[in-house]
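A.B. asks: Structure: protein-v2.cif, mmCIF, C-alpha atoms.
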```
data_upload
#
loop_
_atom_site.group_PDB
_atom_site.id
_atom_site.type_symbol
_atom_site.label_atom_id
_atom_site.label_comp_id
_atom_site.auth_asym_id
_atom_site.auth_seq_id
_atom_site.Cartn_x
_atom_site.Cartn_y
_atom_site.Cartn_z
ATOM 1 C CA MET A 780 -0.634 31.389 67.528
ATOM 2 C CA ASN A 781 -3.616 30.113 69.470
ATOM 3 C CA ARG A 782 -2.335 28.375 72.621
ATOM 4 C CA ASN A 783 -5.414 26.101 72.541
ATOM 5 C CA ALA A 784 -3.949 24.526 69.418
ATOM 6 C CA ASP A 785 -0.976 23.196 71.389
ATOM 7 C CA ARG A 786 -1.246 19.666 72.711
ATOM 8 C CA THR A 787 0.588 17.286 75.017
ATOM 9 C CA VAL A 788 0.342 13.534 74.500
ATOM 10 C CA GLU A 789 1.611 10.848 76.863
ATOM 11 C CA THR A 790 2.594 7.562 75.219
ATOM 12 C CA ARG A 791 3.202 4.397 77.238
ATOM 13 C CA ASN A 792 5.322 2.532 74.663
ATOM 14 C CA ALA A 793 6.825 2.651 71.168
ATOM 15 C CA GLU A 794 3.587 1.387 69.589
ATOM 16 C CA GLN A 795 1.652 4.377 70.932
ATOM 17 C CA THR A 796 4.379 6.760 69.754
ATOM 18 C CA GLU A 797 4.117 5.205 66.274
ATOM 19 C CA ALA A 798 0.319 5.491 66.421
ATOM 20 C CA LEU A 799 0.630 9.232 67.030
ATOM 21 C CA GLY A 800 2.863 9.531 63.962
ATOM 22 C CA ARG A 801 0.444 7.440 61.895
ATOM 23 C CA ALA A 802 -2.502 9.656 62.905
ATOM 24 C CA LEU A 803 -0.599 12.783 61.830
ATOM 25 C CA GLY A 804 0.552 11.174 58.587
ATOM 26 C CA GLU A 805 -2.984 10.232 57.584
ATOM 27 C CA ASN A 806 -3.945 13.932 57.528
ATOM 28 C CA ALA A 807 -0.655 15.529 56.482
ATOM 29 C CA ARG A 808 -0.463 17.785 53.448
ATOM 30 C CA ALA A 809 2.465 18.945 51.331
ATOM 31 C CA GLY A 810 4.371 21.792 52.954
ATOM 32 C CA LEU A 811 4.258 20.333 56.469
ATOM 33 C CA TYR A 812 7.530 20.686 58.387
ATOM 34 C CA LEU A 813 7.679 18.622 61.558
ATOM 35 C CA ALA A 814 10.382 20.058 63.819
ATOM 36 C CA LEU A 815 11.353 17.185 66.125
ATOM 37 C CA THR A 816 13.396 17.875 69.256
ATOM 38 C CA GLY A 817 14.280 16.016 72.420
ATOM 39 C CA GLU A 818 16.959 13.878 73.930
ATOM 40 C CA LEU A 819 18.807 11.112 72.139
ATOM 41 C CA GLY A 820 16.658 7.975 72.039
ATOM 42 C CA GLY A 821 13.531 9.955 72.931
ATOM 43 C CA GLY A 822 11.291 8.475 70.245
ATOM 44 C CA LYS A 823 11.758 10.800 67.287
ATOM 45 C CA THR A 824 12.570 8.056 64.767
ATOM 46 C CA THR A 825 9.852 5.816 66.250
ATOM 47 C CA PHE A 826 7.365 8.642 65.644
ATOM 48 C CA VAL A 827 8.616 9.032 62.039
ATOM 49 C CA ARG A 828 8.104 5.290 61.476
ATOM 50 C CA GLY A 829 4.409 5.819 62.249
ATOM 51 C CA LEU A 830 4.312 9.014 60.179
ATOM 52 C CA ALA A 831 5.621 7.104 57.162
ATOM 53 C CA ALA A 832 2.949 4.429 57.660
ATOM 54 C CA GLY A 833 0.263 7.116 57.855
ATOM 55 C CA LEU A 834 1.521 8.545 54.563
ATOM 56 C CA GLY A 835 1.345 5.079 52.998
ATOM 57 C CA ALA A 836 5.096 4.649 52.646
ATOM 58 C CA ALA A 837 6.313 1.063 52.533
ATOM 59 C CA GLY A 838 9.696 -0.088 53.740
ATOM 60 C CA ARG A 839 11.798 0.121 56.853
ATOM 61 C CA VAL A 840 12.263 3.561 58.390
ATOM 62 C CA ALA A 841 15.741 4.064 59.807
ATOM 63 C CA SER A 842 17.465 6.985 61.457
ATOM 64 C CA PRO A 843 19.143 9.253 58.885
ATOM 65 C CA THR A 844 21.897 10.310 61.307
ATOM 66 C CA PHE A 845 24.795 9.438 59.006
ATOM 67 C CA VAL A 846 23.130 10.041 55.636
ATOM 68 C CA ILE A 847 21.429 13.270 56.823
ATOM 69 C CA MET A 848 18.225 12.667 54.764
ATOM 70 C CA ARG A 849 16.166 9.670 53.693
ATOM 71 C CA GLU A 850 13.175 9.763 51.368
ATOM 72 C CA TYR A 851 10.146 7.480 51.623
ATOM 73 C CA ARG A 852 7.473 7.284 48.930
ATOM 74 C CA GLY A 853 3.786 7.111 49.803
ATOM 75 C CA ARG A 854 0.670 9.221 49.238
ATOM 76 C CA LEU A 855 3.110 12.110 49.670
ATOM 77 C CA PRO A 856 6.880 11.796 49.795
ATOM 78 C CA LEU A 857 8.354 11.943 53.283
ATOM 79 C CA PHE A 858 11.787 13.499 53.702
ATOM 80 C CA HIS A 859 13.265 12.380 57.025
ATOM 81 C CA CYS A 860 16.234 14.518 58.098
ATOM 82 C CA ASP A 861 18.617 14.432 61.018
ATOM 83 C CA PHE A 862 20.499 17.682 61.687
ATOM 84 C CA TYR A 863 22.532 16.303 64.609
ATOM 85 C CA ARG A 864 25.768 16.081 62.613
ATOM 86 C CA LEU A 865 25.359 19.352 60.688
ATOM 87 C CA GLU A 866 27.376 22.342 61.817
ATOM 88 C CA TYR A 867 26.879 25.111 59.298
ATOM 89 C CA GLY A 868 23.881 26.783 57.683
ATOM 90 C CA GLY A 869 25.290 25.841 54.279
ATOM 91 C CA ASP A 870 24.865 22.173 55.159
ATOM 92 C CA ILE A 871 21.118 22.582 55.492
ATOM 93 C CA THR A 872 20.890 24.783 52.379
ATOM 94 C CA GLU A 873 22.252 21.913 50.292
ATOM 95 C CA LEU A 874 19.286 19.756 51.342
ATOM 96 C CA GLU A 875 16.923 22.036 49.363
ATOM 97 C CA LEU A 876 14.162 21.642 51.944
ATOM 98 C CA GLU A 877 11.927 24.205 50.231
ATOM 99 C CA ASP A 878 11.768 21.903 47.182
ATOM 100 C CA CYS A 879 11.045 18.919 49.430
ATOM 101 C CA LEU A 880 8.167 20.811 51.065
ATOM 102 C CA GLU A 881 6.611 21.621 47.688
ATOM 103 C CA GLN A 882 6.367 17.873 47.037
ATOM 104 C CA GLY A 883 5.622 16.465 50.469
ATOM 105 C CA VAL A 884 6.372 16.399 54.193
ATOM 106 C CA VAL A 885 9.672 17.028 55.983
ATOM 107 C CA ALA A 886 10.330 15.515 59.412
ATOM 108 C CA ALA A 887 13.531 16.996 60.850
ATOM 109 C CA GLU A 888 15.198 15.520 63.922
ATOM 110 C CA TRP A 889 17.272 17.958 65.985
ATOM 111 C CA ALA A 890 15.369 20.734 64.225
ATOM 112 C CA ASP A 891 16.274 23.271 66.919
ATOM 113 C CA LEU A 892 19.754 23.547 65.375
ATOM 114 C CA PHE A 893 18.432 25.499 62.350
ATOM 115 C CA GLU A 894 15.563 27.791 61.443
ATOM 116 C CA PRO A 895 12.671 26.139 59.557
ATOM 117 C CA PRO A 896 12.571 26.667 55.785
ATOM 118 C CA GLN A 897 10.760 29.733 54.447
ATOM 119 C CA GLY A 898 7.063 29.149 53.859
ATOM 120 C CA ALA A 899 6.919 25.868 55.778
ATOM 121 C CA HIS A 900 3.811 24.881 57.741
ATOM 122 C CA VAL A 901 5.593 24.233 61.043
ATOM 123 C CA LEU A 902 4.433 21.835 63.725
ATOM 124 C CA SER A 903 7.022 21.284 66.450
ATOM 125 C CA LEU A 904 7.129 18.147 68.580
ATOM 126 C CA HIS A 905 9.284 17.859 71.688
ATOM 127 C CA PHE A 906 9.943 14.348 73.044
ATOM 128 C CA GLU A 907 10.898 13.684 76.646
ATOM 129 C CA TRP A 908 11.094 10.553 78.751
ATOM 130 C CA THR A 909 8.776 10.466 81.763
ATOM 131 C CA GLY A 910 9.419 6.857 82.787
ATOM 132 C CA GLU A 911 11.082 3.652 81.660
ATOM 133 C CA GLU A 912 8.803 3.314 78.615
ATOM 134 C CA THR A 913 6.654 6.462 78.778
ATOM 135 C CA ARG A 914 7.138 9.693 76.864
ATOM 136 C CA ARG A 915 5.589 13.131 76.924
ATOM 137 C CA ILE A 916 5.283 14.617 73.455
ATOM 138 C CA THR A 917 4.452 18.314 73.290
ATOM 139 C CA LEU A 918 3.039 19.470 69.955
ATOM 140 C CA LYS A 919 2.994 23.180 69.076
ATOM 141 C CA ALA A 920 1.344 24.601 65.985
ATOM 142 C CA HIS A 921 3.136 27.576 64.409
ATOM 143 C CA CYS A 922 0.699 28.320 61.575
ATOM 144 C CA PRO A 923 -2.986 27.867 60.647
ATOM 145 C CA ALA A 924 -2.284 24.668 58.668
ATOM 146 C CA ALA A 925 -0.650 23.100 61.742
ATOM 147 C CA VAL A 926 -3.578 24.208 63.930
ATOM 148 C CA LYS A 927 -5.922 22.416 61.520
ATOM 149 C CA LEU A 928 -3.754 19.290 61.586
ATOM 150 C CA LEU A 929 -3.826 19.250 65.396
ATOM 151 C CA ALA A 930 -7.623 19.587 65.333
ATOM 152 C CA GLN A 931 -7.805 16.525 63.048
ATOM 153 C CA LEU A 932 -5.427 14.708 65.371
ATOM 154 C CA ASN A 933 -7.726 15.400 68.324
ATOM 155 C CA MET A 934 -10.492 13.452 66.553
ATOM 156 C CA LYS A 935 -8.237 10.440 65.820
ATOM 157 C CA PHE A 936 -5.959 10.450 68.871
ATOM 158 C CA PRO A 937 -8.005 11.742 71.836
#
```
For this file, write the structure as structure tokens.
C.D. replies:
Amino acid sequence: MNRNADRTVETRNAEQTEALGRALGENARAGLYLALTGELGGGKTTFVRGLAAGLGAAGRVASPTFVIMREYRGRLPLFHCDFYRLEYGGDITELELEDCLEQGVVAAEWADLFEPPQGAHVLSLHFEWTGEETRRITLKAHCPAAVKLLAQLNMKFP
């Protein structure tokens, strides 16, 4: 994939992390799989809160750690997953992520624990703390659709 499509964003607070999610959500299309990685408390759920807002989903976004998946309805459905507690490939198979991707967007926390679903348009985001409130978020496009999404992000989130 074109390395120029990759992007690093520094956010100074939770509001900026949400704004990044919102900007991606406003341009997201069905089939997008956001593979979220990084340390515990690194901003993954905060990002998804903004993503849901960008997709027009109403309601409180909460971590799906104990329920494994939450669904939010907006312009497209958002399926917010947390793989932290899953141990076996069969666990992820039961989530039927391919069906979720046909309908909308999947945002998977701890996505490095499993391979992305077949046919997904993968954009990976790695979250790391760089200070007390600041984060570095590295975005990597793994397909042409994700490259296009990053190009749209560059216009909204310079």
A.B. asks: Just give me the gap between CA of Gly898 in chain A and CA of Ala837 in chain A in Å, one decimal is fine.
C.D. replies: 28.1 Å
A.B. asks: Could you list, as a list in words, every residue within 8 Å of range 883-896 of chain A, counting only C-alpha atoms and ignoring same-chain residues fewer than 4 positions away?
C.D. replies: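 Close residues of range 883-896 of chain A: Ala807, Arg808, Ala809, Gly810, Leu811, Tyr812, Leu813, Ala814, Leu815, Thr816, Gly817, Lys823, Thr824, Val827, Leu855, Pro856, Leu857, Phe858, His859, Cys860, Asp861, Phe862, Tyr863, Gly868, Ile871, Leu876, Glu877, Cys879 and Val901 of chain A.
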A.B. asks: Between CA of Leu932 in chain A and CA of Thr790 in chain A, what is the distance in Å, rounded to a tenth?
C.D. replies: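 We find that CA of Leu932 in chain A and CA of Thr790 in chain A lie 14.6 Å from each other.
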A.B. asks: Using all atoms listed in the file, can you list as a list in words the residues within 12 Å of (4.2, 19.4, 72.8)?
C.D. replies: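 Using all atoms listed in the file, the matching residues come out as Arg782, Asn783, Ala784, Asp785, Arg786, Thr787, Val788, Glu789, Leu813, Ala814, Leu815, Thr816, Gly817, Leu902, Ser903, Leu904, His905, Phe906, Glu907, Arg914, Arg915, Ile916, Thr917, Leu918, Lys919, Ala920, His921 and Leu929 of chain A.
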A.B. asks: Can you list, as a ChimeraX atom specification, every protein, DNA or RNA residue that comes within 10 Å of Ala793 in chain A when you count all atoms listed in the file, leaving out same-chain residues fewer than 5 positions away?
C.D. replies: /A:798-799,822,825-826,829,912-914
A.B. asks: Which residue gives the smallest distance to Met934 in chain A among A:Glu875, A:Glu911, A:Leu803, A:Arg791, with all atoms listed in the file counted?
C.D. replies: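 When distances to Met934 in chain A are compared using all atoms listed in the file, the smallest one comes from A:Leu803.
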A.B. asks: Expressed in Å to a single decimal, how great is the separation between CA of His900 in chain A and CA of Val926 in chain A?
C.D. replies: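 If I compute the distance from CA of His900 in chain A to CA of Val926 in chain A, I get 9.7 Å.
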A.B. asks: Might I get the box with edges along x, y and z of the file that holds all atoms of range 923-933 of chain A listed there, padded by 5 Å on every side, given as centre and edge lengths in Å to one decimal, as JSON?
C.D. replies:
```
{"center_x": -4.2, "center_y": 21.3, "center_z": 63.5, "size_x": 17.2, "size_y": 23.2, "size_z": 19.7}
```
A.B. asks: Which residues are near Arg839 in chain A? Cut-off 10 Å, all atoms listed in the file, ignore same chain within fewer than 5 positions. Put them as a ChimeraX atom specification.
C.D. replies: /A:828,831-832,851
A.B. asks: Would you write out those residues with C-alpha atoms, as a PDB file, in the frame of the given file?
C.D. replies:
```
ATOM      1  CA  ARG A 828       8.104   5.290  61.476  1.00  0.00           C
ATOM      2  CA  ALA A 831       5.621   7.104  57.162  1.00  0.00           C
ATOM      3  CA  ALA A 832       2.949   4.429  57.660  1.00  0.00           C
ATOM      4  CA  TYR A 851      10.146   7.480  51.623  1.00  0.00           C
TER       5      TYR A 851
END
```
A.B. asks: Any idea what's packed within 6 Å of Gly833 in chain A, counting all atoms listed in the file, ignoring anything in its chain fewer than 4 positions away? Could you give it as JSON, numbers by chain?
C.D. replies: {"A": [801, 804, 805]}
A.B. asks: Output range 883-909 of chain A with N, CA and C atoms present, as a PDB file, in the coordinates of the input.
C.D. replies:
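New file selection_16.pdb:
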```pdb
ATOM      1  N   GLY A 883       6.129  17.313  49.399  1.00  0.00           N
ATOM      2  CA  GLY A 883       5.622  16.465  50.469  1.00  0.00           C
ATOM      3  C   GLY A 883       5.867  17.017  51.854  1.00  0.00           C
ATOM      4  N   VAL A 884       6.230  16.116  52.765  1.00  0.00           N
ATOM      5  CA  VAL A 884       6.372  16.399  54.193  1.00  0.00           C
ATOM      6  C   VAL A 884       7.839  16.232  54.586  1.00  0.00           C
ATOM      7  N   VAL A 885       8.326  17.131  55.428  1.00  0.00           N
ATOM      8  CA  VAL A 885       9.672  17.028  55.983  1.00  0.00           C
ATOM      9  C   VAL A 885       9.554  16.804  57.482  1.00  0.00           C
ATOM     10  N   ALA A 886      10.213  15.769  57.978  1.00  0.00           N
ATOM     11  CA  ALA A 886      10.330  15.515  59.412  1.00  0.00           C
ATOM     12  C   ALA A 886      11.803  15.663  59.762  1.00  0.00           C
ATOM     13  N   ALA A 887      12.141  16.674  60.558  1.00  0.00           N
ATOM     14  CA  ALA A 887      13.531  16.996  60.850  1.00  0.00           C
ATOM     15  C   ALA A 887      13.847  16.747  62.319  1.00  0.00           C
ATOM     16  N   GLU A 888      14.718  15.763  62.568  1.00  0.00           N
ATOM     17  CA  GLU A 888      15.198  15.520  63.922  1.00  0.00           C
ATOM     18  C   GLU A 888      16.286  16.530  64.251  1.00  0.00           C
ATOM     19  N   TRP A 889      16.347  16.932  65.508  1.00  0.00           N
ATOM     20  CA  TRP A 889      17.272  17.958  65.985  1.00  0.00           C
ATOM     21  C   TRP A 889      17.027  19.277  65.247  1.00  0.00           C
ATOM     22  N   ALA A 890      15.766  19.562  65.004  1.00  0.00           N
ATOM     23  CA  ALA A 890      15.369  20.734  64.225  1.00  0.00           C
ATOM     24  C   ALA A 890      15.711  22.053  64.906  1.00  0.00           C
ATOM     25  N   ASP A 891      15.951  22.035  66.210  1.00  0.00           N
ATOM     26  CA  ASP A 891      16.274  23.271  66.919  1.00  0.00           C
ATOM     27  C   ASP A 891      17.649  23.823  66.541  1.00  0.00           C
ATOM     28  N   LEU A 892      18.435  23.077  65.786  1.00  0.00           N
ATOM     29  CA  LEU A 892      19.754  23.547  65.375  1.00  0.00           C
ATOM     30  C   LEU A 892      19.702  24.555  64.228  1.00  0.00           C
ATOM     31  N   PHE A 893      18.569  24.596  63.498  1.00  0.00           N
ATOM     32  CA  PHE A 893      18.432  25.499  62.350  1.00  0.00           C
ATOM     33  C   PHE A 893      17.019  26.075  62.314  1.00  0.00           C
ATOM     34  N   GLU A 894      16.882  27.194  61.657  1.00  0.00           N
ATOM     35  CA  GLU A 894      15.563  27.791  61.443  1.00  0.00           C
ATOM     36  C   GLU A 894      14.783  26.943  60.434  1.00  0.00           C
ATOM     37  N   PRO A 895      13.448  26.884  60.558  1.00  0.00           N
ATOM     38  CA  PRO A 895      12.671  26.139  59.557  1.00  0.00           C
ATOM     39  C   PRO A 895      12.747  26.830  58.191  1.00  0.00           C
ATOM     40  N   PRO A 896      12.546  26.072  57.134  1.00  0.00           N
ATOM     41  CA  PRO A 896      12.571  26.667  55.785  1.00  0.00           C
ATOM     42  C   PRO A 896      11.474  27.724  55.615  1.00  0.00           C
ATOM     43  N   GLN A 897      11.746  28.692  54.758  1.00  0.00           N
ATOM     44  CA  GLN A 897      10.760  29.733  54.447  1.00  0.00           C
ATOM     45  C   GLN A 897       9.486  29.107  53.904  1.00  0.00           C
ATOM     46  N   GLY A 898       8.355  29.586  54.377  1.00  0.00           N
ATOM     47  CA  GLY A 898       7.063  29.149  53.859  1.00  0.00           C
ATOM     48  C   GLY A 898       6.576  27.810  54.373  1.00  0.00           C
ATOM     49  N   ALA A 899       7.323  27.185  55.261  1.00  0.00           N
ATOM     50  CA  ALA A 899       6.919  25.868  55.778  1.00  0.00           C
ATOM     51  C   ALA A 899       5.741  26.007  56.735  1.00  0.00           C
ATOM     52  N   HIS A 900       4.902  24.986  56.764  1.00  0.00           N
ATOM     53  CA  HIS A 900       3.811  24.881  57.741  1.00  0.00           C
ATOM     54  C   HIS A 900       4.384  24.103  58.925  1.00  0.00           C
ATOM     55  N   VAL A 901       4.798  24.827  59.974  1.00  0.00           N
ATOM     56  CA  VAL A 901       5.593  24.233  61.043  1.00  0.00           C
ATOM     57  C   VAL A 901       4.724  23.719  62.190  1.00  0.00           C
ATOM     58  N   LEU A 902       4.981  22.460  62.522  1.00  0.00           N
ATOM     59  CA  LEU A 902       4.433  21.835  63.725  1.00  0.00           C
ATOM     60  C   LEU A 902       5.635  21.282  64.477  1.00  0.00           C
ATOM     61  N   SER A 903       5.883  21.785  65.685  1.00  0.00           N
ATOM     62  CA  SER A 903       7.022  21.284  66.450  1.00  0.00           C
ATOM     63  C   SER A 903       6.550  20.232  67.449  1.00  0.00           C
ATOM     64  N   LEU A 904       7.392  19.224  67.636  1.00  0.00           N
ATOM     65  CA  LEU A 904       7.129  18.147  68.580  1.00  0.00           C
ATOM     66  C   LEU A 904       8.368  17.970  69.442  1.00  0.00           C
ATOM     67  N   HIS A 905       8.178  18.054  70.760  1.00  0.00           N
ATOM     68  CA  HIS A 905       9.284  17.859  71.688  1.00  0.00           C
ATOM     69  C   HIS A 905       9.045  16.558  72.452  1.00  0.00           C
ATOM     70  N   PHE A 906      10.035  15.675  72.438  1.00  0.00           N
ATOM     71  CA  PHE A 906       9.943  14.348  73.044  1.00  0.00           C
ATOM     72  C   PHE A 906      10.761  14.324  74.329  1.00  0.00           C
ATOM     73  N   GLU A 907      10.141  13.850  75.406  1.00  0.00           N
ATOM     74  CA  GLU A 907      10.898  13.684  76.646  1.00  0.00           C
ATOM     75  C   GLU A 907      10.432  12.431  77.374  1.00  0.00           C
ATOM     76  N   TRP A 908      11.388  11.749  77.971  1.00  0.00           N
ATOM     77  CA  TRP A 908      11.094  10.553  78.751  1.00  0.00           C
ATOM     78  C   TRP A 908      10.448  10.966  80.063  1.00  0.00           C
ATOM     79  N   THR A 909       9.399  10.227  80.466  1.00  0.00           N
ATOM     80  CA  THR A 909       8.776  10.466  81.763  1.00  0.00           C
ATOM     81  C   THR A 909       8.823   9.212  82.629  1.00  0.00           C
TER      82      THR A 909
END
```
